[in-house]
Amino acid sequence: MGKSKKKKQHQQSNDVERGDSNPLLTAQRKFITSLPKQARSHFFSPTHITPEQRAEIWEDQADLGEKLVDSCAWATPDPRLLPVFKHFGPIVEVGCGANAYWAKWMHNEGNVDVVAFDVSLNEGGKISGSKKTNKSDSSNKTQNKKKGL
């Protein structure tokens with residue numbers, strides 16, 4: 001891996017900062033705004049962006065995306081959702097992942113009444129999580145485990 005690639009990864013690792021109420025959305029916005037305007041406006045245009053440029057942007061986005069999935073969530077919560085969750089609460093999130101990102105976000109940002117569950121509180125939802133299962137893991141799959149907020 002070249003120095004520029006390592007530097008980019010180091011910069012991206014700082015994208016998820018402590019104290020940010022929605023570091024997933026912040027990191028995604030930071031990535032998009034770091035792209036040249038032409039790349040943002042004409043990403044799929046064969047005349048404005050070369051296939052090599054598109055591939056490099058796609059790879060950088062995928063690298064950041066994998067890191068964000070492992071540290072945050074697969075999907076990005078948007079503040080416009082809070083009134084909807086509040087209206088339909090209490091919310092039960094099944095499959096919250098190891099860090100219950102959405103549930104924490106709903107609770108902390110919108111005071112939404114939410115309870116989150118996952119069968120694997122250590123590795124749930126992670127791309128780089130362990131794929132090994134043993135007997136105790138299999139027997140636990142039939143039981144819901146509550147993730148505290």
# chains A, B, ... in the order shown; residues from 1 in each chain; ligands from 1

$ residues_around --residues "A:Ile91" --least-positions-apart "5" --cutoff "12 Å" --atoms "only C-alpha atoms" --output "ChimeraX atom specification"
/A:82,84-86,96,102-104,106-107,111-117

$ write_last_selection --atoms "N, CA and C atoms" --output "tab-separated table (two decimals), in the first residue's frame"
chain	number	residue	atom	x	y	z
A	82	LEU	N	-36.48	11.63	12.95
A	82	LEU	CA	-36.80	11.66	14.39
A	82	LEU	C	-38.28	11.88	14.69
A	84	VAL	N	-40.80	11.03	12.94
A	84	VAL	CA	-41.50	9.81	12.55
A	84	VAL	C	-41.34	8.75	13.63
A	85	PHE	N	-40.10	8.53	14.09
A	85	PHE	CA	-39.86	7.55	15.15
A	85	PHE	C	-40.58	7.94	16.43
A	86	LYS	N	-40.55	9.22	16.74
A	86	LYS	CA	-41.21	9.71	17.96
A	86	LYS	C	-42.72	9.44	17.88
A	96	CYS	N	-29.86	-4.78	15.99
A	96	CYS	CA	-29.27	-3.45	16.17
A	96	CYS	C	-27.77	-3.42	15.90
A	102	TRP	N	-28.28	3.14	15.66
A	102	TRP	CA	-29.54	3.82	15.43
A	102	TRP	C	-30.30	4.04	16.73
A	103	ALA	N	-30.36	3.02	17.57
A	103	ALA	CA	-31.10	3.14	18.82
A	103	ALA	C	-30.50	4.23	19.70
A	104	LYS	N	-29.19	4.25	19.81
A	104	LYS	CA	-28.52	5.29	20.60
A	104	LYS	C	-28.80	6.67	20.00
A	106	MET	N	-31.38	7.60	18.07
A	106	MET	CA	-32.79	7.97	18.29
A	106	MET	C	-33.01	8.44	19.72
A	107	HIS	N	-32.44	7.70	20.67
A	107	HIS	CA	-32.61	8.02	22.08
A	107	HIS	C	-31.93	9.35	22.43
A	111	ASN	N	-34.87	11.79	21.89
A	111	ASN	CA	-35.55	11.29	23.07
A	111	ASN	C	-36.65	10.29	22.70
A	112	VAL	N	-36.33	9.45	21.70
A	112	VAL	CA	-37.27	8.43	21.24
A	112	VAL	C	-37.19	7.25	22.20
A	113	ASP	N	-38.35	6.71	22.57
A	113	ASP	CA	-38.42	5.53	23.42
A	113	ASP	C	-38.09	4.33	22.54
A	114	VAL	N	-36.91	3.72	22.74
A	114	VAL	CA	-36.44	2.64	21.87
A	114	VAL	C	-35.74	1.57	22.69
A	115	VAL	N	-35.95	0.32	22.29
A	115	VAL	CA	-35.25	-0.82	22.87
A	115	VAL	C	-34.61	-1.55	21.69
A	116	ALA	N	-33.34	-1.95	21.84
A	116	ALA	CA	-32.60	-2.57	20.74
A	116	ALA	C	-32.13	-3.97	21.12
A	117	PHE	N	-32.25	-4.90	20.16
A	117	PHE	CA	-31.85	-6.29	20.38
A	117	PHE	C	-30.94	-6.76	19.25

$ atom_distance --atom1 "atom CA of A:Trp74" --atom2 "atom CA of A:Leu121"
15.6 Å

$ closest_residue --among "A:Arg54, A:Phe44, A:Trp105, A:Thr33" --to "A:Pro77" --atoms "only C-alpha atoms"
A:Trp105

$ residues_around --residues "A:Phe43" --least-positions-apart "6" --cutoff "12 Å" --atoms "only C-alpha atoms" --output "NGL selection string"
:A and (32 or 35-37 or 49-58)
